[in-house]
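Report on the structure given below.
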Amino acid sequence: MDVRITLADWLRDELQLTGTKLGCEHGVCGACTVLVDGKAVRSCLMLAVQAGGRSILTVEGLSAQSSLNPLQSAFQKHHALQCGFCTAGFLMTCTAFLNDNPHPTKVEIREAISGNLCRCTGYQTIIEAVADVAGHAEARQQ
Amino acid sequence: MRLTAPSVLVDLADLSDLSGIEVRAGVVRIGAMTTQAECASSPIIRAQLPLMHEALSFVAHPVVRNRGTIGGSLAHGDPAAEMPVVMVALGATIRATGPAGERSIPAAEFFIGPLTTALAPGEVLTHVDIPVQRGTWAFEEVSRRHGDFALVMAAVGLDIQSGKIDWARVLLGAVSDRPVRAHDAEAALAGRPIDAATARTAGDAASKGLNPSSDIHASGQYRRQVAGVLVRRAILRAAGGTK
């Protein structure tokens with residue numbers, strides 16, 4: 001392995017796991033977010049060799065082929081994506097967040113996704129999708 | 001930012017001695033490799049260093065804080081980052097080790113320019129020792145979006161005895177090439193009762209000595225004005241705060 005290759009490039013170019021996207025490549029946009037040992041991190045800001053011996057979860061690992069997990073289904077139901085470029089990053093950020101805090105308030109949801117940029121949705125539908133999974137009654141009814 | 005292209009990179013992540021938070025004899029010791037997320041959720045920091053706890057919520061975003069470390073924040077020395085300001089405000093001591101042995105550097109002497117610190121080539125920042133904070137503090141920041149680097153930030157600490165300010169510390173960040181201690185503002189607070197007029201006078205004194213640079217995010221004049229407002233707000237909030 002090239003010791004200078006980032007985890008993001010290694011996932012995409014070597015493993016062909018292109019669900020992880022690269023937007024800014026310097027830690028601002030959040031599109032490349034993956035889980036390392038259960039914690040959401042920017043895969044553009046760490047080298048692949050630094051992931052040695054650790055468990056990596058990418059968007060490809062969220063559900064079995066051609067099925068959606070509850071968070072993915074909620075994104076679909078609430079139209080929490082348009083072009084889809086940021087979606088993998090949001091899903092991974094929210095997966096770690098809901099593991100740590102299964103029943104967050106909307107304020108906590110906003111704080112959790114504050115490091116992910118989306119240029120299509122205006123974020124509101126993403127918040128609704130996460131609130132739905134988190135069991136907010138008003139989000140369920142939509 | 002591609003500012004450097006080092007020929008050798010060394011990953012320190014497996015050096016467990018460089019991680020952890022402990023309090024001993026009135027000093028909180030934080031290992032350089034302790035993540036900002038670990039610091040933000042630490043009951044020790046919340047109880048002993050509330051200023052640092054408050055300021056950590058302004059450090060980027062939760063996902064970035066999972067990888068970013070306290071030692072990284074300090075050794076990077078960004079003039080618009082929160083942790084350097086907090087360390088100077090609280091009178092922290094930076095511990096470094098290198099070929100010549102260990103040494104201690106007061107935070108006030110550690111930051112010597114933009115992205116430049118007193119660390120010598122070959123030295124590694126290992127720990128930071130922070131005295132349990134005196135008085136009550138408040139941290140204020142203005143940035144374009146929450147989590148961005150600050151346009152201006154202010155940290156104010158007050159020790160109020162019998163209704164008068166017995167001791168004051170006023171720090172500003174993102175208005176110079178390193179954290180700035182506002183001595184004139186501290187002098188304007190010393191011995192005064194705490195009220196809106198005192199806060200305004202001290203805020204004006206803090207902004208008067210500044211000459212911040214302009215960039216695409218804000219003009220220097222705007223930064224100077226905001227600095228005075230943030231100092232005033234922080235004084236009033238620190239005065240009303242609990243220890």
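Chain labels follow the order of the structure tokens: the first chain is A, the next B, and so on; residue numbering restarts at 1 in every chain, and ligands are counted from 1 in their shown order.
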
Contacts from chain A to chain B, 6 Å maximum, only C-alpha atoms: show me the residue list as a list in words.
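Residues satisfying the distance criterion: Ala40, Val41 and Gly115 of chain A.
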
Please produce an output containing N, CA and C atoms for each residue in the selection, written as a PDB file, in the first residue's frame.
```
ATOM      1  N   ALA A  40     -17.592   8.514  13.659  1.00  0.00           N
ATOM      2  CA  ALA A  40     -17.628   9.181  12.357  1.00  0.00           C
ATOM      3  C   ALA A  40     -16.393  10.047  12.201  1.00  0.00           C
ATOM      4  N   VAL A  41     -15.678   9.864  11.087  1.00  0.00           N
ATOM      5  CA  VAL A  41     -14.478  10.667  10.815  1.00  0.00           C
ATOM      6  C   VAL A  41     -14.427  11.019   9.329  1.00  0.00           C
ATOM      7  N   GLY A 115     -21.545  19.658  10.482  1.00  0.00           N
ATOM      8  CA  GLY A 115     -20.298  19.560   9.729  1.00  0.00           C
ATOM      9  C   GLY A 115     -20.448  18.918   8.367  1.00  0.00           C
TER      10      GLY A 115
END
```

Among the residues of segment 16-46 of chain A, find those DSSP assigns to strand (DSSP E) from the backbone and print them as a list in words.
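These are the residues in question: Thr33, Val34, Leu35, Val36, Lys39, Ala40, Val41 and Arg42 of chain A.
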
Who sits within 10 Å of segment 155-167 of chain B, only C-alpha atoms, same chain under 4 positions skipped, as a VMD selection string:
chain B and resid 51 to 52 55 82 85 to 86 88 to 90 133 to 141 171 to 173 181 to 182 186 to 187 189 to 195 230 to 239 241 243

From a DSSP pass on the backbone, collect the residues of chain A flagged as helix (DSSP H, G or I) and hand them back as JSON, numbers by chain.
{"A": [7, 8, 9, 10, 11, 12, 13, 14, 43, 44, 45, 48, 49, 50, 51, 59, 60, 61, 70, 71, 72, 73, 74, 75, 76, 77, 87, 88, 89, 90, 91, 92, 93, 94, 95, 96, 97, 98, 99, 100, 106, 107, 108, 109, 110, 111, 112, 124, 125, 126, 127, 128, 129, 130, 131, 132, 133, 137, 138, 139, 140]}

Show which residues sit within 10 Å of Leu22 of chain A, as a ChimeraX atom specification. Count only C-alpha atoms, and ignore same-chain residues fewer than 6 positions away.
/A:8-9,12,29-33,42-44,85-86,89

How would the residues just chosen look if you wrote them out with N, CA and C atoms as a PDB file, in the first residue's frame?
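Written out: part.pdb:
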```pdb
ATOM      1  N   ALA A   8      -9.772   7.860   2.087  1.00  0.00           N
ATOM      2  CA  ALA A   8     -10.834   8.093   1.094  1.00  0.00           C
ATOM      3  C   ALA A   8     -10.403   7.602  -0.291  1.00  0.00           C
ATOM      4  N   ASP A   9      -9.205   7.968  -0.710  1.00  0.00           N
ATOM      5  CA  ASP A   9      -8.728   7.533  -2.030  1.00  0.00           C
ATOM      6  C   ASP A   9      -8.556   6.019  -2.069  1.00  0.00           C
ATOM      7  N   ARG A  12     -11.961   4.358  -2.473  1.00  0.00           N
ATOM      8  CA  ARG A  12     -12.553   4.575  -3.799  1.00  0.00           C
ATOM      9  C   ARG A  12     -11.736   3.927  -4.916  1.00  0.00           C
ATOM     10  N   CYS A  29     -16.394  19.616   4.001  1.00  0.00           N
ATOM     11  CA  CYS A  29     -17.733  19.343   3.459  1.00  0.00           C
ATOM     12  C   CYS A  29     -18.414  18.114   4.047  1.00  0.00           C
ATOM     13  N   GLY A  30     -17.652  17.151   4.543  1.00  0.00           N
ATOM     14  CA  GLY A  30     -18.264  15.986   5.191  1.00  0.00           C
ATOM     15  C   GLY A  30     -18.706  14.876   4.259  1.00  0.00           C
ATOM     16  N   ALA A  31     -18.546  15.046   2.939  1.00  0.00           N
ATOM     17  CA  ALA A  31     -19.036  14.027   2.001  1.00  0.00           C
ATOM     18  C   ALA A  31     -18.316  12.696   2.172  1.00  0.00           C
ATOM     19  N   CYS A  32     -17.090  12.716   2.655  1.00  0.00           N
ATOM     20  CA  CYS A  32     -16.267  11.502   2.743  1.00  0.00           C
ATOM     21  C   CYS A  32     -16.368  10.807   4.095  1.00  0.00           C
ATOM     22  N   THR A  33     -17.339  11.216   4.924  1.00  0.00           N
ATOM     23  CA  THR A  33     -17.431  10.676   6.281  1.00  0.00           C
ATOM     24  C   THR A  33     -17.655   9.163   6.274  1.00  0.00           C
ATOM     25  N   ARG A  42     -13.608  12.027   9.014  1.00  0.00           N
ATOM     26  CA  ARG A  42     -13.382  12.400   7.625  1.00  0.00           C
ATOM     27  C   ARG A  42     -12.346  11.445   7.016  1.00  0.00           C
ATOM     28  N   SER A  43     -12.723  10.707   6.002  1.00  0.00           N
ATOM     29  CA  SER A  43     -11.739   9.778   5.428  1.00  0.00           C
ATOM     30  C   SER A  43     -10.721  10.501   4.546  1.00  0.00           C
ATOM     31  N   CYS A  44     -10.954  11.776   4.234  1.00  0.00           N
ATOM     32  CA  CYS A  44      -9.952  12.540   3.479  1.00  0.00           C
ATOM     33  C   CYS A  44      -8.861  13.073   4.391  1.00  0.00           C
ATOM     34  N   PHE A  85     -24.982  13.655  -3.813  1.00  0.00           N
ATOM     35  CA  PHE A  85     -23.527  13.647  -3.625  1.00  0.00           C
ATOM     36  C   PHE A  85     -23.139  13.635  -2.147  1.00  0.00           C
ATOM     37  N   CYS A  86     -23.890  14.349  -1.327  1.00  0.00           N
ATOM     38  CA  CYS A  86     -23.545  14.456   0.092  1.00  0.00           C
ATOM     39  C   CYS A  86     -24.123  13.331   0.922  1.00  0.00           C
ATOM     40  N   GLY A  89     -22.172  10.755   3.141  1.00  0.00           N
ATOM     41  CA  GLY A  89     -21.577  11.409   4.307  1.00  0.00           C
ATOM     42  C   GLY A  89     -22.603  11.664   5.391  1.00  0.00           C
TER      43      GLY A  89
END
```

Mind pulling up the distance from atom CA of Ala37 of chain B to atom CA of Val180 of chain B?
26.0 Å

Shell around Thr93 of chain B at 6 Å using only C-alpha atoms, local window under 4 positions removed, as a VMD selection string:
chain B and resid 105 to 107 128 to 129

For Lys39 of chain A, please output as a list of chain:residue names all residues within 9 Å (counting only C-alpha atoms; exclusion window: fewer than 2 positions along the same chain).
A:Val34, A:Leu35, A:Val36, A:Asp37, A:Val41, A:Thr93, A:Ala96, A:Phe97, B:Val63, B:Asn66

In Å to one decimal, how far is atom CA of Glu25 of chain A from atom CA of His79 of chain A?
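Atom CA of Glu25 of chain A lies 26.4 Å from atom CA of His79 of chain A.
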
Quick one: of B:Pro131, B:Ala188, B:Gly220, B:Ala40, who's nearest to Gly26 of chain B, counting only C-alpha atoms?
B:Pro131

Using only C-alpha atoms for the distances, tell me which of A:Asn116, A:Val107, A:Pro102, A:Thr18 is nearest to Gly135 of chain A.
A:Pro102

Could you tell me how far atom CA of Ala81 of chain B sits from atom CA of Ser41 of chain B, in Å to one decimal place?
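Those two atoms sit 19.2 Å apart.
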
Exercise: segment 42-47 of chain B partners within 8 Å, only C-alpha atoms, chain neighbours under 3 positions left out, as a list in words:
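Here the answer would be Ile21, Glu22, Val23, Val28, Glu38, Cys39, Pro50, Met52 and His53 of chain B.
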